[in-house]
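Trainee: Quick one, protein_10.pdb (PDB, C-alpha atoms):
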ATOM      1  CA  MET W1239      53.952 113.506 153.848
ATOM      2  CA  LYS W1240      57.643 112.509 154.033
ATOM      3  CA  ASP W1241      57.937 113.291 157.756
ATOM      4  CA  GLN W1242      54.702 111.568 158.722
ATOM      5  CA  TYR W1243      56.283 108.130 159.254
ATOM      6  CA  LYS W1244      59.536 107.431 161.122
ATOM      7  CA  SER W1245      60.492 104.489 158.883
ATOM      8  CA  ASP W1246      59.372 102.517 155.854
ATOM      9  CA  VAL W1247      58.248  99.707 158.208
ATOM     10  CA  GLU W1248      55.886 102.144 159.920
ATOM     11  CA  ALA W1249      54.724 103.389 156.497
ATOM     12  CA  VAL W1250      53.923  99.814 155.351
ATOM     13  CA  ASP W1251      51.864  99.317 158.535
ATOM     14  CA  ALA W1252      49.997 102.555 157.754
ATOM     15  CA  LEU W1253      49.375 101.364 154.171
ATOM     16  CA  VAL W1254      47.868  98.104 155.481
ATOM     17  CA  GLU W1255      45.559 100.086 157.765
ATOM     18  CA  LYS W1256      44.526 102.470 154.966
ATOM     19  CA  TYR W1257      43.956  99.523 152.626
ATOM     20  CA  GLY W1258      41.591  97.881 155.153
ATOM     21  CA  ILE W1259      39.565 101.094 155.488
ATOM     22  CA  LEU W1260      39.579 101.529 151.694
ATOM     23  CA  ARG W1261      38.213  98.015 151.148
ATOM     24  CA  ALA W1262      35.479  98.661 153.724
ATOM     25  CA  GLU W1263      34.420 101.862 151.948
ATOM     26  CA  ILE W1264      34.386 100.166 148.526
ATOM     27  CA  ALA W1265      32.325  97.288 149.995
ATOM     28  CA  LYS W1266      29.554  99.805 150.822
ATOM     29  CA  VAL W1267      28.897 100.005 147.076
ATOM     30  CA  ILE W1268      30.534  97.002 145.376
ATOM     31  CA  VAL W1269      29.505  93.474 146.376
ATOM     32  CA  GLY W1270      32.207  90.797 145.978
ATOM     33  CA  GLN W1271      34.803  91.157 143.163
ATOM     34  CA  ASP W1272      37.541  91.028 145.830
ATOM     35  CA  GLU W1273      40.320  89.915 143.481
ATOM     36  CA  VAL W1274      39.406  92.528 140.850
ATOM     37  CA  ILE W1275      39.407  95.328 143.449
ATOM     38  CA  GLU W1276      42.746  94.153 144.853
ATOM     39  CA  ASN W1277      44.311  94.086 141.367
ATOM     40  CA  VAL W1278      43.043  97.593 140.537
ATOM     41  CA  ILE W1279      44.437  98.959 143.817
ATOM     42  CA  ILE W1280      47.776  97.186 143.269
ATOM     43  CA  SER W1281      47.917  98.796 139.793
ATOM     44  CA  ILE W1282      47.327 102.249 141.267
ATOM     45  CA  PHE W1283      49.979 101.917 143.989
ATOM     46  CA  SER W1284      52.435 100.445 141.448
ATOM     47  CA  ARG W1285      51.921 103.359 138.993
ATOM     48  CA  GLY W1286      50.528 100.927 136.413
ATOM     49  CA  HIS W1287      47.407 100.773 134.252
ATOM     50  CA  ALA W1288      44.884  97.951 133.998
ATOM     51  CA  LEU W1289      42.836  96.390 131.223
ATOM     52  CA  LEU W1290      39.527  95.062 132.538
ATOM     53  CA  ILE W1291      37.690  92.464 130.460
ATOM     54  CA  GLY W1292      34.114  91.449 131.204
ATOM     55  CA  VAL W1293      30.622  91.312 129.741
ATOM     56  CA  PRO W1294      28.315  94.361 130.107
ATOM     57  CA  GLY W1295      26.435  94.874 133.358
ATOM     58  CA  LEU W1296      29.148  93.766 135.785
ATOM     59  CA  ALA W1297      29.536  97.238 137.367
ATOM     60  CA  LYS W1298      32.894  98.093 135.791
ATOM     61  CA  THR W1299      32.030 101.809 135.626
ATOM     62  CA  LEU W1300      30.620 101.812 139.168
ATOM     63  CA  LEU W1301      33.737 100.047 140.452
ATOM     64  CA  VAL W1302      36.097 102.658 138.996
ATOM     65  CA  ASN W1303      33.920 105.561 140.129
ATOM     66  CA  THR W1304      33.725 104.118 143.659
ATOM     67  CA  ILE W1305      37.503 103.624 143.892
ATOM     68  CA  ALA W1306      38.071 107.180 142.591
ATOM     69  CA  GLN W1307      35.760 108.601 145.293
ATOM     70  CA  ALA W1308      37.373 106.545 148.079
ATOM     71  CA  LEU W1309      40.826 107.695 146.917
ATOM     72  CA  GLY W1310      39.747 111.337 146.669
ATOM     73  CA  LEU W1311      40.739 111.531 143.006
ATOM     74  CA  SER W1312      39.207 113.242 139.973
ATOM     75  CA  TYR W1313      37.554 110.821 137.551
ATOM     76  CA  SER W1314      36.695 110.854 133.831
ATOM     77  CA  ARG W1315      34.798 108.295 131.809
ATOM     78  CA  ILE W1316      35.424 108.199 128.055
ATOM     79  CA  GLN W1317      33.045 106.090 125.976
ATOM     80  CA  PHE W1318      35.092 104.887 123.015
ATOM     81  CA  THR W1319      33.170 104.828 119.728
ATOM     82  CA  PRO W1320      34.210 104.473 116.048
ATOM     83  CA  ASP W1321      33.872 108.244 115.466
ATOM     84  CA  LEU W1322      35.898 109.351 118.523
ATOM     85  CA  MET W1323      38.828 111.618 117.587
ATOM     86  CA  PRO W1324      42.135 112.084 119.462
ATOM     87  CA  SER W1325      41.121 115.689 120.254
ATOM     88  CA  ASP W1326      38.006 114.340 122.028
ATOM     89  CA  ILE W1327      40.366 112.720 124.535
ATOM     90  CA  ILE W1328      43.326 115.054 124.927
ATOM     91  CA  GLY W1329      41.617 118.383 124.169
ATOM     92  CA  THR W1330      41.959 120.987 121.458
ATOM     93  CA  GLU W1331      42.867 124.607 120.835
ATOM     94  CA  ILE W1332      39.985 127.041 120.305
ATOM     95  CA  LEU W1333      39.838 130.650 119.182
ATOM     96  CA  ASP W1334      38.467 132.751 122.052
ATOM     97  CA  GLU W1335      36.803 136.202 122.085
ATOM     98  CA  SER W1336      40.169 137.991 122.002
ATOM     99  CA  ARG W1337      41.004 136.127 118.778
ATOM    100  CA  SER W1338      43.846 134.175 120.419
ATOM    101  CA  PHE W1339      44.147 130.423 120.723
ATOM    102  CA  ARG W1340      43.345 128.848 124.079
ATOM    103  CA  PHE W1341      43.778 125.176 124.974
ATOM    104  CA  MET W1342      40.630 123.409 126.159
ATOM    105  CA  LYS W1343      41.626 120.377 128.218
ATOM    106  CA  GLY W1344      40.048 117.040 127.366
ATOM    107  CA  PRO W1345      38.827 114.327 129.748
ATOM    108  CA  VAL W1346      42.331 112.795 129.948
ATOM    109  CA  PHE W1347      43.155 115.571 132.452
ATOM    110  CA  ALA W1348      41.930 113.617 135.476
ATOM    111  CA  ASN W1349      43.546 111.258 137.979
ATOM    112  CA  ILE W1350      41.556 108.154 137.047
ATOM    113  CA  ILE W1351      40.393 107.564 133.473
ATOM    114  CA  LEU W1352      37.870 104.886 132.537
ATOM    115  CA  ALA W1353      38.403 104.118 128.849
ATOM    116  CA  ASP W1354      35.185 102.226 128.173
ATOM    117  CA  GLU W1355      35.376  99.666 125.341
ATOM    118  CA  ILE W1356      38.770 100.878 124.114
ATOM    119  CA  ASN W1357      38.672  98.393 121.212
ATOM    120  CA  ARG W1358      35.654 100.177 119.664
ATOM    121  CA  THR W1359      37.703 103.133 118.456
ATOM    122  CA  PRO W1360      40.240 103.357 115.567
ATOM    123  CA  PRO W1361      43.996 102.932 116.225
ATOM    124  CA  LYS W1362      44.743 106.670 115.878
ATOM    125  CA  THR W1363      42.463 107.487 118.819
ATOM    126  CA  GLN W1364      43.669 104.490 120.852
ATOM    127  CA  ALA W1365      47.245 105.695 120.307
ATOM    128  CA  ALA W1366      46.418 109.168 121.705
ATOM    129  CA  LEU W1367      45.372 107.650 125.036
ATOM    130  CA  LEU W1368      48.175 105.095 125.085
ATOM    131  CA  GLU W1369      50.750 107.854 124.513
ATOM    132  CA  ALA W1370      49.321 109.790 127.462
ATOM    133  CA  MET W1371      49.547 106.613 129.575
ATOM    134  CA  GLN W1372      53.222 106.153 128.728
ATOM    135  CA  GLU W1373      54.446 109.748 128.844
ATOM    136  CA  LYS W1374      52.085 111.115 131.562
ATOM    137  CA  ALA W1375      51.939 114.159 129.268
ATOM    138  CA  ILE W1376      50.429 115.247 125.959
ATOM    139  CA  THR W1377      51.599 117.597 123.202
ATOM    140  CA  VAL W1378      49.204 119.917 121.381
ATOM    141  CA  ALA W1379      50.352 122.493 118.801
ATOM    142  CA  GLY W1380      53.963 122.085 119.930
ATOM    143  CA  LYS W1381      53.194 122.697 123.613
ATOM    144  CA  ASN W1382      53.688 120.010 126.250
ATOM    145  CA  TYR W1383      51.065 119.610 128.987
ATOM    146  CA  LYS W1384      51.829 117.468 132.031
ATOM    147  CA  LEU W1385      49.038 115.261 133.362
ATOM    148  CA  SER W1386      48.305 115.476 137.067
ATOM    149  CA  GLU W1387      49.670 112.769 139.368
ATOM    150  CA  PRO W1388      48.581 110.206 140.334
ATOM    151  CA  PHE W1389      47.416 109.133 136.870
ATOM    152  CA  PHE W1390      45.775 105.781 136.218
ATOM    153  CA  VAL W1391      43.918 104.373 133.199
ATOM    154  CA  LEU W1392      41.466 101.516 133.451
ATOM    155  CA  ALA W1393      40.430 100.374 129.985
ATOM    156  CA  THR W1394      37.570  97.936 129.455
ATOM    157  CA  GLN W1395      36.832  95.482 126.676
ATOM    158  CA  ASN W1396      33.770  93.356 126.002
ATOM    159  CA  PRO W1397      34.948  89.793 125.226
ATOM    160  CA  ILE W1398      31.740  88.835 123.396
ATOM    161  CA  GLU W1399      31.048  91.384 120.658
ATOM    162  CA  GLN W1400      34.105  91.542 118.395
ATOM    163  CA  GLU W1401      32.372  92.741 115.232
ATOM    164  CA  GLY W1402      33.432  96.254 114.220
ATOM    165  CA  THR W1403      36.242  96.428 116.772
ATOM    166  CA  TYR W1404      39.895  97.417 116.529
ATOM    167  CA  PRO W1405      41.871  94.992 118.727
ATOM    168  CA  LEU W1406      44.826  96.540 120.535
ATOM    169  CA  PRO W1407      48.184  95.431 119.050
ATOM    170  CA  GLU W1408      50.531  93.461 121.334
ATOM    171  CA  ALA W1409      52.899  96.439 121.668
ATOM    172  CA  GLN W1410      50.066  98.576 123.021
ATOM    173  CA  LEU W1411      48.664  95.829 125.241
ATOM    174  CA  ASP W1412      52.120  95.651 126.821
ATOM    175  CA  ARG W1413      51.592  99.129 128.296
ATOM    176  CA  PHE W1414      48.970  97.754 130.658
ATOM    177  CA  MET W1415      50.380  96.348 133.870
ATOM    178  CA  PHE W1416      47.441  94.005 134.487
ATOM    179  CA  ASN W1417      44.815  92.220 132.401
ATOM    180  CA  VAL W1418      41.969  91.498 134.804
ATOM    181  CA  TRP W1419      39.019  89.234 133.990
ATOM    182  CA  LEU W1420      35.730  90.243 135.580
ATOM    183  CA  ASP W1421      33.439  87.258 136.077
ATOM    184  CA  TYR W1422      29.748  86.926 136.950
ATOM    185  CA  PRO W1423      28.971  87.261 140.683
ATOM    186  CA  SER W1424      28.056  84.191 142.719
ATOM    187  CA  PHE W1425      24.353  83.526 143.380
ATOM    188  CA  GLU W1426      24.570  84.984 146.907
ATOM    189  CA  GLU W1427      26.479  88.056 145.693
ATOM    190  CA  GLU W1428      23.940  88.692 142.937
ATOM    191  CA  VAL W1429      21.087  88.514 145.462
ATOM    192  CA  ASP W1430      22.896  91.170 147.555
ATOM    193  CA  VAL W1431      23.466  93.329 144.450
ATOM    194  CA  VAL W1432      19.778  93.190 143.489
ATOM    195  CA  LYS W1433      18.688  93.983 147.076
ATOM    196  CA  ASN W1434      21.065  96.938 147.383
ATOM    197  CA  THR W1435      20.179  98.469 144.014
ATOM    198  CA  THR W1436      16.383  98.056 144.023
ATOM    199  CA  PHE W1437      15.413  98.769 147.630
ATOM    200  CA  LYS W1438      17.060 102.041 148.626
ATOM    201  CA  GLU W1439      19.513 104.682 147.486
ATOM    202  CA  MET W1440      23.030 103.368 147.071
ATOM    203  CA  ALA W1441      25.618 104.309 149.683
ATOM    204  CA  SER W1442      28.488 106.638 148.857
ATOM    205  CA  PRO W1443      32.066 105.848 149.877
ATOM    206  CA  GLU W1444      34.008 108.277 152.076
ATOM    207  CA  MET W1445      37.410 109.543 150.994
ATOM    208  CA  VAL W1446      40.122 107.436 152.652
ATOM    209  CA  ILE W1447      43.415 108.508 151.036
ATOM    210  CA  SER W1448      44.458 111.794 149.448
ATOM    211  CA  GLY W1449      46.335 112.156 146.177
ATOM    212  CA  ASP W1450      49.549 113.157 148.022
ATOM    213  CA  GLU W1451      49.334 110.040 150.195
ATOM    214  CA  ILE W1452      48.905 107.854 147.114
ATOM    215  CA  ILE W1453      52.067 109.346 145.563
ATOM    216  CA  TYR W1454      53.913 108.741 148.848
ATOM    217  CA  PHE W1455      52.770 105.098 148.959
ATOM    218  CA  GLN W1456      53.693 104.666 145.272
ATOM    219  CA  ASP W1457      57.238 105.753 146.135
ATOM    220  CA  LEU W1458      57.195 103.488 149.201
ATOM    221  CA  VAL W1459      56.301 100.437 147.075
ATOM    222  CA  ARG W1460      59.352 101.045 144.878
ATOM    223  CA  ARG W1461      61.620 101.308 147.946
ATOM    224  CA  ILE W1462      60.576  97.916 149.352
ATOM    225  CA  PRO W1463      63.643  95.626 149.429
ATOM    226  CA  LEU W1464      63.698  92.332 147.579
ATOM    227  CA  ALA W1465      65.915  89.244 147.723
ATOM    228  CA  ASP W1466      67.887  88.356 144.585
ATOM    229  CA  ASN W1467      66.185  84.963 144.289
ATOM    230  CA  VAL W1468      62.797  86.716 143.886
ATOM    231  CA  TYR W1469      64.161  88.933 141.091
ATOM    232  CA  GLU W1470      65.591  85.835 139.424
ATOM    233  CA  TYR W1471      62.318  83.928 139.816
ATOM    234  CA  ALA W1472      60.313  86.708 138.093
ATOM    235  CA  VAL W1473      62.792  87.031 135.209
ATOM    236  CA  ASN W1474      62.934  83.249 134.815
ATOM    237  CA  LEU W1475      59.126  83.056 134.770
ATOM    238  CA  ALA W1476      58.925  85.627 131.963
ATOM    239  CA  SER W1477      61.774  83.907 130.104
ATOM    240  CA  MET W1478      59.997  80.543 130.182
ATOM    241  CA  THR W1479      57.143  81.998 128.091
ATOM    242  CA  ARG W1480      59.451  82.801 125.126
ATOM    243  CA  PRO W1481      59.455  79.951 122.585
ATOM    244  CA  GLY W1482      62.712  78.999 120.913
ATOM    245  CA  THR W1483      64.896  80.619 123.581
ATOM    246  CA  LYS W1484      67.372  79.021 125.981
ATOM    247  CA  LEU W1485      65.055  79.158 129.034
ATOM    248  CA  ALA W1486      61.807  78.388 127.175
ATOM    249  CA  HIS W1487      59.440  75.919 128.827
ATOM    250  CA  SER W1488      58.346  72.947 126.716
ATOM    251  CA  LEU W1489      54.740  74.258 126.818
ATOM    252  CA  ALA W1490      55.893  77.573 125.352
ATOM    253  CA  ASN W1491      57.749  75.818 122.556
ATOM    254  CA  GLU W1492      54.661  73.766 121.765
ATOM    255  CA  TYR W1493      51.792  76.220 122.243
ATOM    256  CA  VAL W1494      53.107  79.806 122.176
ATOM    257  CA  ASN W1495      53.867  82.082 119.213
ATOM    258  CA  TRP W1496      55.183  84.991 121.242
ATOM    259  CA  GLY W1497      56.100  85.309 124.922
ATOM    260  CA  ALA W1498      56.340  88.071 127.498
ATOM    261  CA  GLY W1499      58.993  90.806 127.254
ATOM    262  CA  PRO W1500      61.116  92.419 129.987
ATOM    263  CA  ARG W1501      58.257  94.728 130.993
ATOM    264  CA  ALA W1502      56.461  91.645 132.340
ATOM    265  CA  SER W1503      59.382  90.971 134.705
ATOM    266  CA  GLN W1504      59.318  94.596 135.885
ATOM    267  CA  TYR W1505      55.564  94.546 136.522
ATOM    268  CA  MET W1506      55.705  91.185 138.321
ATOM    269  CA  ILE W1507      58.299  92.619 140.707
ATOM    270  CA  LEU W1508      56.373  95.870 141.284
ATOM    271  CA  GLY W1509      53.110  93.953 141.674
ATOM    272  CA  ALA W1510      54.749  91.512 144.112
ATOM    273  CA  LYS W1511      56.115  94.396 146.192
ATOM    274  CA  CYS W1512      52.697  96.035 146.410
ATOM    275  CA  HIS W1513      50.887  92.720 147.037
ATOM    276  CA  ALA W1514      53.285  91.969 149.908
ATOM    277  CA  ALA W1515      52.899  95.463 151.404
ATOM    278  CA  LEU W1516      49.094  95.273 151.348
ATOM    279  CA  LYS W1517      49.359  91.953 153.230
ATOM    280  CA  GLY W1518      51.621  93.537 155.870
ATOM    281  CA  LYS W1519      54.860  91.918 154.640
ATOM    282  CA  TYR W1520      58.005  94.053 154.556
ATOM    283  CA  SER W1521      59.638  92.128 151.720
ATOM    284  CA  PRO W1522      57.935  90.053 149.010
ATOM    285  CA  ASP W1523      58.674  86.419 148.250
ATOM    286  CA  ILE W1524      57.955  84.036 145.360
ATOM    287  CA  GLU W1525      54.377  83.582 146.577
ATOM    288  CA  ASP W1526      53.744  87.301 145.946
ATOM    289  CA  VAL W1527      55.145  87.039 142.405
ATOM    290  CA  ASN W1528      52.829  84.096 141.704
ATOM    291  CA  ALA W1529      49.873  86.086 143.097
ATOM    292  CA  VAL W1530      50.199  88.688 140.319
ATOM    293  CA  ALA W1531      51.685  86.484 137.561
ATOM    294  CA  VAL W1532      48.411  85.618 135.790
ATOM    295  CA  SER W1533      47.247  89.247 135.542
ATOM    296  CA  VAL W1534      50.682  90.392 134.310
ATOM    297  CA  LEU W1535      51.292  87.584 131.801
ATOM    298  CA  ARG W1536      47.774  86.943 130.467
ATOM    299  CA  HIS W1537      47.898  89.590 127.716
ATOM    300  CA  ARG W1538      51.604  89.123 126.967
ATOM    301  CA  ILE W1539      51.465  85.506 125.813
ATOM    302  CA  VAL W1540      50.224  84.901 122.262
ATOM    303  CA  ARG W1541      49.052  81.315 121.723
ATOM    304  CA  ASN W1542      49.540  79.500 118.434
ATOM    305  CA  TYR W1543      46.932  77.673 116.381
ATOM    306  CA  LYS W1544      47.704  74.333 118.052
ATOM    307  CA  ALA W1545      46.918  75.762 121.499
ATOM    308  CA  GLU W1546      43.599  77.165 120.270
ATOM    309  CA  ALA W1547      42.697  73.906 118.521
ATOM    310  CA  GLU W1548      43.458  71.843 121.637
ATOM    311  CA  GLY W1549      41.783  74.289 124.014
ATOM    312  CA  ILE W1550      44.998  75.137 125.882
ATOM    313  CA  SER W1551      44.319  78.499 127.549
ATOM    314  CA  VAL W1552      46.892  81.110 128.503
ATOM    315  CA  GLU W1553      45.854  80.648 132.143
ATOM    316  CA  LYS W1554      46.602  76.913 131.907
ATOM    317  CA  ILE W1555      50.078  77.629 130.514
ATOM    318  CA  ILE W1556      50.799  80.153 133.300
ATOM    319  CA  ALA W1557      49.525  77.718 135.958
ATOM    320  CA  GLU W1558      51.943  75.082 134.670
ATOM    321  CA  LEU W1559      54.852  77.551 134.698
ATOM    322  CA  THR W1560      54.115  78.601 138.291
ATOM    323  CA  ASN W1561      53.343  74.988 139.326
ATOM    324  CA  LYS W1562      49.899  75.952 140.579
TER     325      LYS W1562
END
Write out the structure in this file as structure tokens.

Mentor:
Amino acid sequence: MKDQYKSDVEAVDALVEKYGILRAEIAKVIVGQDEVIENVIISIFSRGHALLIGVPGLAKTLLVNTIAQALGLSYSRIQFTPDLMPSDIIGTEILDESRSFRFMKGPVFANIILADEINRTPPKTQAALLEAMQEKAITVAGKNYKLSEPFFVLATQNPIEQEGTYPLPEAQLDRFMFNVWLDYPSFEEEVDVVKNTTFKEMASPEMVISGDEIIYFQDLVRRIPLADNVYEYAVNLASMTRPGTKLAHSLANEYVNWGAGPRASQYMILGAKCHAALKGKYSPDIEDVNAVAVSVLRHRIVRNYKAEAEGISVEKIIAELTNK
């Protein structure tokens, strides 16, 4: 893979071409949802994880499955329920016929994991997955098992039904690079969805990129150069969300309990690099930071009671900070 491209400029051009083919393959199955698909792909090429929030029936599972097929990656879907145990995710040791212990791998041993309704399971089980996300490895009975690369978790939450759920704490939410909202399709898109799913068998996407290529492009994204003013812009943007600090924005002081930490700055830079590369740009600018800012900051800003009472949304605060 390393010798395939003469320079990083040539590699970025190849990534743009692969991205175009990838989008075309995904479009065979998924109608619309362009921004959601772009954010998921940016997460993958940035070595991040994404939290996807949307009501049932918006093809979240189909979307992840389709992307996994087009990327030539193994895929596991874990349905989170109140009785799910950590061993149901990471695996467990069993006693085999020779009366010796053998490790049976759980569904976390795949390249792409769909953690469906992650807030339906108790904190102990959530923590097992979140540890795997952070360490890219698990430990069972004192033995360490590396997870295969690339490794990407897409967790979903239903924003409507909150009864009997276990909301993720802020520290665990911070492990997700993006928080992506999945909205209802437009009228025209829904007509296309109904036509495609009730008239004939659904198409299957072709594999576009191999796992080795994805790892190469992940490394490429990190090598993309960046001007100091873009680094400073991202750090300043995160700093403005922190109430009571020197760089806090007046909106943060008035409406925010807790702002974004340094990980937000890191993810905005990585996301900006990847966003720029997918658009064929060899170095990102402030526009690329703003393009990923909402998805990075949305779950890292905790509003206070006044904001909720006055209907001031997190998105409105971020829009003001980025002057959108």

Trainee: Identify all residues satisfying the PyMOL selection byres ((chain W and resi 1349) around 12) in the given file; provide them as a ChimeraX atom specification.

Mentor: /W:1282,1285,1287,1302-1303,1305-1307,1309-1315,1345-1348,1350-1352,1371,1374,1384-1392,1448-1450,1452-1453

Trainee: Those same residues - C-alpha atoms - I'd like them written as a PDB file, keeping the file's coordinate frame.

Mentor:
ATOM      1  CA  ILE W1282      47.327 102.249 141.267  1.00  0.00           C
ATOM      2  CA  ARG W1285      51.921 103.359 138.993  1.00  0.00           C
ATOM      3  CA  HIS W1287      47.407 100.773 134.252  1.00  0.00           C
ATOM      4  CA  VAL W1302      36.097 102.658 138.996  1.00  0.00           C
ATOM      5  CA  ASN W1303      33.920 105.561 140.129  1.00  0.00           C
ATOM      6  CA  ILE W1305      37.503 103.624 143.892  1.00  0.00           C
ATOM      7  CA  ALA W1306      38.071 107.180 142.591  1.00  0.00           C
ATOM      8  CA  GLN W1307      35.760 108.601 145.293  1.00  0.00           C
ATOM      9  CA  LEU W1309      40.826 107.695 146.917  1.00  0.00           C
ATOM     10  CA  GLY W1310      39.747 111.337 146.669  1.00  0.00           C
ATOM     11  CA  LEU W1311      40.739 111.531 143.006  1.00  0.00           C
ATOM     12  CA  SER W1312      39.207 113.242 139.973  1.00  0.00           C
ATOM     13  CA  TYR W1313      37.554 110.821 137.551  1.00  0.00           C
ATOM     14  CA  SER W1314      36.695 110.854 133.831  1.00  0.00           C
ATOM     15  CA  ARG W1315      34.798 108.295 131.809  1.00  0.00           C
ATOM     16  CA  PRO W1345      38.827 114.327 129.748  1.00  0.00           C
ATOM     17  CA  VAL W1346      42.331 112.795 129.948  1.00  0.00           C
ATOM     18  CA  PHE W1347      43.155 115.571 132.452  1.00  0.00           C
ATOM     19  CA  ALA W1348      41.930 113.617 135.476  1.00  0.00           C
ATOM     20  CA  ILE W1350      41.556 108.154 137.047  1.00  0.00           C
ATOM     21  CA  ILE W1351      40.393 107.564 133.473  1.00  0.00           C
ATOM     22  CA  LEU W1352      37.870 104.886 132.537  1.00  0.00           C
ATOM     23  CA  MET W1371      49.547 106.613 129.575  1.00  0.00           C
ATOM     24  CA  LYS W1374      52.085 111.115 131.562  1.00  0.00           C
ATOM     25  CA  LYS W1384      51.829 117.468 132.031  1.00  0.00           C
ATOM     26  CA  LEU W1385      49.038 115.261 133.362  1.00  0.00           C
ATOM     27  CA  SER W1386      48.305 115.476 137.067  1.00  0.00           C
ATOM     28  CA  GLU W1387      49.670 112.769 139.368  1.00  0.00           C
ATOM     29  CA  PRO W1388      48.581 110.206 140.334  1.00  0.00           C
ATOM     30  CA  PHE W1389      47.416 109.133 136.870  1.00  0.00           C
ATOM     31  CA  PHE W1390      45.775 105.781 136.218  1.00  0.00           C
ATOM     32  CA  VAL W1391      43.918 104.373 133.199  1.00  0.00           C
ATOM     33  CA  LEU W1392      41.466 101.516 133.451  1.00  0.00           C
ATOM     34  CA  SER W1448      44.458 111.794 149.448  1.00  0.00           C
ATOM     35  CA  GLY W1449      46.335 112.156 146.177  1.00  0.00           C
ATOM     36  CA  ASP W1450      49.549 113.157 148.022  1.00  0.00           C
ATOM     37  CA  ILE W1452      48.905 107.854 147.114  1.00  0.00           C
ATOM     38  CA  ILE W1453      52.067 109.346 145.563  1.00  0.00           C
TER      39      ILE W1453
END

Trainee: Quick one: everything within 12 Å of Val1247 in chain W, counting all atoms listed in the file, minus sequence neighbours fewer than 5 positions away in the same chain. Send it as a PyMOL selection string.

Mentor: chain W and resi 1252-1254+1458-1459+1461-1463+1515+1518-1521

Trainee: Write a file of the just-selected residues containing C-alpha atoms, as an mmCIF file, in the coordinates of the input.

Mentor:
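Final file, part_5.cif:
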data_model
loop_
_atom_site.group_PDB
_atom_site.id
_atom_site.type_symbol
_atom_site.label_atom_id
_atom_site.label_comp_id
_atom_site.auth_asym_id
_atom_site.auth_seq_id
_atom_site.Cartn_x
_atom_site.Cartn_y
_atom_site.Cartn_z
ATOM 1 C CA ALA W 1252 49.997 102.555 157.754
ATOM 2 C CA LEU W 1253 49.375 101.364 154.171
ATOM 3 C CA VAL W 1254 47.868 98.104 155.481
ATOM 4 C CA LEU W 1458 57.195 103.488 149.201
ATOM 5 C CA VAL W 1459 56.301 100.437 147.075
ATOM 6 C CA ARG W 1461 61.620 101.308 147.946
ATOM 7 C CA ILE W 1462 60.576 97.916 149.352
ATOM 8 C CA PRO W 1463 63.643 95.626 149.429
ATOM 9 C CA ALA W 1515 52.899 95.463 151.404
ATOM 10 C CA GLY W 1518 51.621 93.537 155.870
ATOM 11 C CA LYS W 1519 54.860 91.918 154.640
ATOM 12 C CA TYR W 1520 58.005 94.053 154.556
ATOM 13 C CA SER W 1521 59.638 92.128 151.720
#

Trainee: Using all atoms listed in the file, find the one residue out of W:Thr1435, W:Thr1403, W:Gln1410, W:Asn1277 that sits nearest to Val1534 in chain W.

Mentor: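 Nearest to Val1534 in chain W: W:Asn1277.
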
Trainee: Could you tell me how far CA of Asp1421 in chain W sits from CA of Asn1357 in chain W, in Å to one decimal place?

Mentor: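 About the pair CA of Asn1357 in chain W and CA of Asp1421 in chain W: they are 19.3 Å apart.
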
Trainee: Can you work out the spacing between CA of Gln1395 in chain W and CA of Glu1553 in chain W in Å, to one decimal?

Mentor: 18.2 Å

Trainee: Anything within 7 Å of (52.5, 89.4, 118.6): list those residues as a ChimeraX atom specification, counting all atoms listed in the file and sticking to the file's coordinates.

Mentor: /W:1408,1496,1540

Trainee: Report as a PyMOL selection string the residues that result from applying the PyMOL selection byres ((chain W and resi 1296) around 9) to the structure here.

Mentor: chain W and resi 1292-1295+1297-1300+1420-1423

Trainee: Take the residues from that selection and write them out as a short mmCIF file (atom, residue, chain, number, x, y, z; two decimals), in the frame of the given file, keeping C-alpha atoms.

Mentor:
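Once everything was written out, this is selection_25.cif:
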data_model
loop_
_atom_site.label_atom_id
_atom_site.label_comp_id
_atom_site.auth_asym_id
_atom_site.auth_seq_id
_atom_site.Cartn_x
_atom_site.Cartn_y
_atom_site.Cartn_z
CA GLY W 1292 34.11 91.45 131.20
CA VAL W 1293 30.62 91.31 129.74
CA PRO W 1294 28.32 94.36 130.11
CA GLY W 1295 26.44 94.87 133.36
CA ALA W 1297 29.54 97.24 137.37
CA LYS W 1298 32.89 98.09 135.79
CA THR W 1299 32.03 101.81 135.63
CA LEU W 1300 30.62 101.81 139.17
CA LEU W 1420 35.73 90.24 135.58
CA ASP W 1421 33.44 87.26 136.08
CA TYR W 1422 29.75 86.93 136.95
CA PRO W 1423 28.97 87.26 140.68
#

Trainee: Go through W:Ile1447, W:Ala1529, W:Leu1485, W:Val1418 and flag the residue nearest Thr1394 in chain W, using only C-alpha atoms for the distances.

Mentor: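 Answer, going by the shortest atom-to-atom distance: W:Val1418.
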
Trainee: Do you know which residues the PyMOL selection byres ((chain W and resi 1557) around 12) returns on this file, as a list of chain:residue names?

Mentor: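 Checking the PyMOL selection byres ((chain W and resi 1557) around 12) against this file, the residues are W:Leu1475, W:Thr1479, W:Leu1489, W:Asn1528, W:Ala1529, W:Val1530, W:Ala1531, W:Val1532, W:Ser1533, W:Leu1535, W:Arg1536, W:Ile1550, W:Ser1551, W:Val1552, W:Glu1553, W:Lys1554, W:Ile1555, W:Ile1556, W:Glu1558, W:Leu1559, W:Thr1560, W:Asn1561, W:Lys1562.
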
Trainee: Quick one: residues within 8 Å of Ala1476 in chain W, all atoms listed in the file counted, chain neighbours fewer than 3 positions away excluded, as a list in words?

Mentor: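 In the requested form, the answer reads Ala1472, Val1473, Thr1479, Arg1480, Gly1497, Ala1498, Gly1499, Pro1500, Ala1502, Ser1503 and Leu1535 of chain W.
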
Trainee: So that I can see what lies close to Thr1319 in chain W, please list as an MDAnalysis selection string the residues with an atom at most 9 Å from it, counting all atoms listed in the file and leaving out residues fewer than 5 positions away in the same chain.

Mentor: chainID W and resid 1355:1360
